[in-house]
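Shown here: protein06.txt, compact mmCIF, C-alpha atoms.
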# COMPACT_ATOMS: atom_id res chain seq x y z
CA MET I 612 57.66 -143.74 52.85
CA SER I 613 58.21 -145.25 49.39
CA VAL I 614 60.06 -148.51 48.78
CA ILE I 615 62.97 -146.52 47.33
CA ASP I 616 63.12 -144.35 50.48
CA GLU I 617 63.26 -147.54 52.58
CA LEU I 618 66.09 -148.84 50.42
CA LEU I 619 68.00 -145.58 50.80
CA ALA I 620 67.69 -145.88 54.58
CA ASN I 621 68.92 -149.49 54.34
CA ASN I 622 71.88 -148.32 52.28
CA ARG I 623 72.86 -145.74 54.90
CA LEU I 624 72.88 -148.45 57.58
CA PHE I 625 74.81 -150.81 55.30
CA ALA I 626 77.44 -148.23 54.34
CA ASP I 627 77.85 -146.93 57.89
CA ALA I 628 78.67 -150.46 59.12
CA LEU I 629 81.51 -150.95 56.60
CA ASP I 630 84.99 -149.54 56.31
CA ASP I 631 85.79 -147.67 53.12
CA GLN I 632 87.39 -150.01 50.59
CA HIS I 633 88.27 -150.06 46.93
CA VAL I 634 87.49 -153.22 44.96
CA ASP I 635 89.32 -153.61 41.65
CA LEU I 636 87.29 -152.84 38.53
CA HIS I 637 88.45 -156.11 36.92
CA PRO I 638 86.53 -159.14 38.24
CA ALA I 639 88.87 -161.22 40.41
CA ARG I 640 87.71 -164.49 38.86
CA ALA I 641 87.73 -163.21 35.26
CA LEU I 642 84.13 -164.42 35.02
CA ALA I 643 80.96 -162.96 33.52
CA ILE I 644 77.62 -164.47 34.51
CA VAL I 645 74.51 -163.91 32.39
CA THR I 646 71.25 -164.64 34.16
CA CYS I 647 67.64 -163.64 34.45
CA MET I 648 66.41 -160.54 36.26
CA ASP I 649 64.16 -162.77 38.42
CA SER I 650 64.29 -161.60 42.03
CA ARG I 651 64.50 -165.18 43.32
CA LEU I 652 68.04 -165.61 41.95
CA ASN I 653 70.63 -164.54 44.50
CA VAL I 654 73.62 -165.27 42.28
CA PHE I 655 76.34 -164.25 44.72
CA ASP I 656 75.04 -166.44 47.54
CA ALA I 657 74.08 -169.36 45.28
CA LEU I 658 77.59 -169.53 43.80
CA GLY I 659 79.62 -168.52 46.83
CA LEU I 660 80.86 -165.35 45.17
CA ARG I 661 82.08 -162.22 46.89
CA GLU I 662 81.91 -158.60 45.82
CA GLY I 663 84.37 -158.05 43.00
CA ASP I 664 84.53 -161.70 41.89
CA ALA I 665 82.41 -161.56 38.72
CA HIS I 666 80.29 -159.44 36.44
CA VAL I 667 76.63 -160.37 36.77
CA LEU I 668 74.58 -159.33 33.74
CA ARG I 669 70.80 -159.66 33.85
CA ASN I 670 67.82 -159.36 31.54
CA ALA I 671 64.39 -160.93 31.21
CA GLY I 672 65.07 -164.63 30.66
CA GLY I 673 68.85 -164.34 30.87
CA VAL I 674 69.00 -164.66 27.09
CA ILE I 675 71.87 -163.56 24.89
CA THR I 676 70.66 -160.49 23.02
CA ASP I 677 72.62 -157.87 21.06
CA ASP I 678 72.82 -155.72 24.18
CA MET I 679 74.10 -158.67 26.21
CA ILE I 680 76.81 -159.26 23.58
CA ARG I 681 77.67 -155.56 23.91
CA SER I 682 78.09 -155.93 27.69
CA LEU I 683 80.07 -159.16 27.33
CA ALA I 684 82.38 -157.55 24.75
CA ILE I 685 83.13 -154.73 27.21
CA SER I 686 83.54 -157.25 30.03
CA GLN I 687 86.05 -159.29 28.05
CA ARG I 688 87.91 -156.69 26.01
CA LEU I 689 88.20 -153.95 28.62
CA LEU I 690 87.84 -155.70 31.95
CA GLY I 691 89.54 -159.04 31.43
CA THR I 692 86.84 -161.68 31.79
CA ARG I 693 87.58 -164.95 30.03
CA GLU I 694 84.80 -167.34 31.07
CA ILE I 695 81.04 -166.99 30.67
CA MET I 696 78.44 -168.76 32.78
CA LEU I 697 74.84 -168.66 31.52
CA ILE I 698 72.09 -169.31 34.06
CA HIS I 699 68.44 -169.70 33.12
CA HIS I 700 65.96 -170.93 35.71
CA THR I 701 62.83 -172.96 36.28
CA ASP I 702 59.45 -171.22 36.54
CA CYS I 703 60.65 -168.33 34.37
CA GLY I 704 58.12 -165.69 33.39
CA MET I 705 59.48 -165.70 29.83
CA GLN I 706 57.99 -169.18 29.45
CA ARG I 707 54.52 -167.76 30.15
CA LEU I 708 54.24 -165.41 27.20
CA SER I 709 54.70 -165.53 23.46
CA ASP I 710 56.70 -163.12 21.35
CA ASP I 711 53.75 -162.41 19.04
CA GLY I 712 51.23 -162.08 21.86
CA PHE I 713 53.35 -159.74 23.97
CA ARG I 714 54.37 -157.68 20.92
CA ALA I 715 50.67 -157.30 19.97
CA GLU I 716 49.82 -156.33 23.55
CA LEU I 717 52.51 -153.65 23.60
CA GLN I 718 51.40 -152.31 20.23
CA ALA I 719 47.74 -152.28 21.25
CA ASP I 720 48.56 -150.39 24.47
CA THR I 721 50.98 -147.87 22.94
CA GLY I 722 50.22 -147.70 19.23
CA VAL I 723 53.84 -148.60 18.46
CA ALA I 724 55.36 -152.00 17.76
CA PRO I 725 58.50 -152.53 19.85
CA ALA I 726 61.81 -152.54 17.98
CA PHE I 727 63.33 -154.98 20.46
CA ALA I 728 63.06 -158.76 20.37
CA ILE I 729 60.88 -160.29 23.08
CA GLU I 730 62.87 -163.56 23.30
CA SER I 731 60.26 -165.71 25.03
CA PHE I 732 60.76 -169.47 25.07
CA THR I 733 58.93 -172.67 25.98
CA ASP I 734 61.83 -175.14 26.06
CA LEU I 735 64.21 -174.13 28.84
CA GLU I 736 67.11 -176.35 27.77
CA ALA I 737 66.79 -175.25 24.14
CA ALA I 738 66.90 -171.61 25.28
CA VAL I 739 70.12 -172.28 27.19
CA ARG I 740 71.65 -174.04 24.18
CA GLN I 741 70.64 -171.14 21.92
CA SER I 742 72.31 -168.66 24.28
CA ILE I 743 75.49 -170.77 24.36
CA LEU I 744 75.57 -170.80 20.55
CA ARG I 745 74.99 -167.05 20.32
CA VAL I 746 78.01 -166.48 22.54
CA GLN I 747 80.15 -169.01 20.67
CA ARG I 748 79.29 -167.44 17.31
CA SER I 749 79.81 -163.80 18.25
CA VAL I 750 82.80 -162.28 16.49
CA PHE I 751 82.83 -159.50 19.10
CA LEU I 752 83.84 -161.86 21.91
CA PRO I 753 87.48 -162.96 21.89
CA HIS I 754 86.93 -165.63 24.59
CA ARG I 755 84.15 -167.92 23.35
CA ASP I 756 85.65 -171.29 24.20
CA HIS I 757 84.84 -171.21 27.94
CA VAL I 758 81.07 -170.75 27.97
CA ARG I 759 78.79 -173.08 29.90
CA GLY I 760 75.05 -173.06 30.45
CA PHE I 761 72.93 -174.05 33.42
CA VAL I 762 69.38 -174.21 34.71
CA TYR I 763 68.85 -173.03 38.28
CA ASP I 764 65.98 -174.75 40.07
CA VAL I 765 64.17 -172.02 42.03
CA ASP I 766 62.76 -174.62 44.46
CA THR I 767 65.89 -176.67 45.25
CA HIS I 768 68.44 -173.91 44.46
CA ARG I 769 70.60 -176.40 42.57
CA LEU I 770 72.23 -175.91 39.18
CA ARG I 771 71.96 -178.44 36.37
CA GLU I 772 74.31 -178.12 33.42
CA VAL I 773 72.92 -177.97 29.88
CA HIS I 774 75.41 -178.94 27.22
CA ALA I 775 75.57 -177.16 23.90
CA ALA I 776 74.27 -179.00 20.85
CA SER I 777 76.98 -180.71 18.85
CA SER I 778 78.31 -178.77 15.88
CA ALA I 779 76.79 -181.36 13.54
CA ALA I 780 73.32 -180.49 14.86
CA SER I 781 73.75 -176.73 14.51

Can you present the structure in this file as structure tokens?
Amino acid sequence: MSVIDELLANNRLFADALDDQHVDLHPARALAIVTCMDSRLNVFDALGLREGDAHVLRNAGGVITDDMIRSLAISQRLLGTREIMLIHHTDCGMQRLSDDGFRAELQADTGVAPAFAIESFTDLEAAVRQSILRVQRSVFLPHRDHVRGFVYDVDTHRLREVHAASSAAS
């Protein structure tokens, strides 16, 4: 049995134990969370959220990319979110590679240079600040004034806030 087959069996057990319900499409807390795809981050449990409370958007590193702006624009303009919480984390795999090195590896393996940005980083706090600024500067997002960034410690499970750089420094 494959892992996916096991998960399908788990889903049948999960669904059978619940009553049918409809959760509103619009997040109850009007919140979008951008975080890393890392499997150690259980965002709903870590933040005390329930199904339907927030949009949780993930990518490698939890960085703000063009596609993340696209998702946030839909989240805000069509589905009513007004606040954005950015969560990076300690021991992130994106800190273990370089843009140039990974791009070269992909090109060597495939013969094609990737069109997408790699977005690796070495300074975790600087990466959070950069993501905050990308949100704040996006003309596609009508609600840019309530964005906050955090680092999640994968060992202690605690969040530490990272404040955006002052406008004089940017």

For Ala657 of chain I, work out the shell of residues within 10 Å, counting all atoms listed in the file and skipping chain neighbours fewer than 2 positions away, then give it as an mmCIF file with C-alpha atoms, in the frame of the given file.
data_model
loop_
_atom_site.group_PDB
_atom_site.id
_atom_site.type_symbol
_atom_site.label_atom_id
_atom_site.label_comp_id
_atom_site.auth_asym_id
_atom_site.auth_seq_id
_atom_site.Cartn_x
_atom_site.Cartn_y
_atom_site.Cartn_z
ATOM 1 C CA LEU I 652 68.040 -165.610 41.950
ATOM 2 C CA ASN I 653 70.630 -164.540 44.500
ATOM 3 C CA VAL I 654 73.620 -165.270 42.280
ATOM 4 C CA PHE I 655 76.340 -164.250 44.720
ATOM 5 C CA GLY I 659 79.620 -168.520 46.830
ATOM 6 C CA LEU I 660 80.860 -165.350 45.170
ATOM 7 C CA TYR I 763 68.850 -173.030 38.280
ATOM 8 C CA HIS I 768 68.440 -173.910 44.460
ATOM 9 C CA ARG I 769 70.600 -176.400 42.570
ATOM 10 C CA LEU I 770 72.230 -175.910 39.180
#

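The point (84.7, -161.4, 34.4) has these residues within 9 Å of it, counting only C-alpha atoms: His637, Pro638, Ala639, Arg640, Ala641, Leu642, Ala643, Ile644, Asp664, Ala665, His666, Val667, Leu683, Ser686, Gln687, Leu690, Gly691, Thr692, Arg693, Glu694 and Ile695 of chain I.
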
Just to confirm, what's the straight-line distance from atom CA of His774 of chain I to atom CA of Gly672 of chain I in Å (one decimal)? 18.0 Å

Just how far from atom CA of Met679 of chain I is atom CA of Arg771 of chain I, in Å to one decimal? 22.3 Å

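Straight-line separation from atom CA of Leu744 of chain I to atom CA of Ala775 of chain I: 7.2 Å.
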
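Point (53.8, -162.0, 28.3) has the following residues at most 12 Å away: Ala671, Gly672, Cys703, Gly704, Met705, Gln706, Arg707, Leu708, Ser709, Asp710, Asp711, Gly712, Phe713, Arg714, Ala715, Glu716, Leu717, Ile729, Glu730, Ser731 and Phe732 of chain I (atoms considered: only C-alpha atoms).
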
Spatial neighbours of Val645 of chain I, 7 Å, only C-alpha atoms, chain gap at least 6 places, as a list in words: Val667, Leu668, Arg669, Gly673, Met696, Leu697 and Ile698 of chain I

Contacts of Ser742 of chain I at 9 Å (only C-alpha atoms; same-chain gap of 5+ positions) as an MDAnalysis selection string: chainID I and resid 673:676 697 737 747 760

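The smallest atom-to-atom distance between Met648 of chain I and any of I:Asp678, I:Asp766, I:His700, I:Asp616, using all atoms listed in the file, is found for I:His700.
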
List the spatial neighbours of segment 618-632 of chain I as a VMD selection string - criterion: any atom at most 12 Å away, only C-alpha atoms, same-chain residues fewer than 5 positions off excluded. chain I and resid 612 to 613 662 to 663

Atoms kept (C-alpha atoms) for selection, written as a compact mmCIF listing (two decimals), in the frame of the given file:
# COMPACT_ATOMS: atom_id res chain seq x y z
CA MET I 612 57.66 -143.74 52.85
CA SER I 613 58.21 -145.25 49.39
CA GLU I 662 81.91 -158.60 45.82
CA GLY I 663 84.37 -158.05 43.00
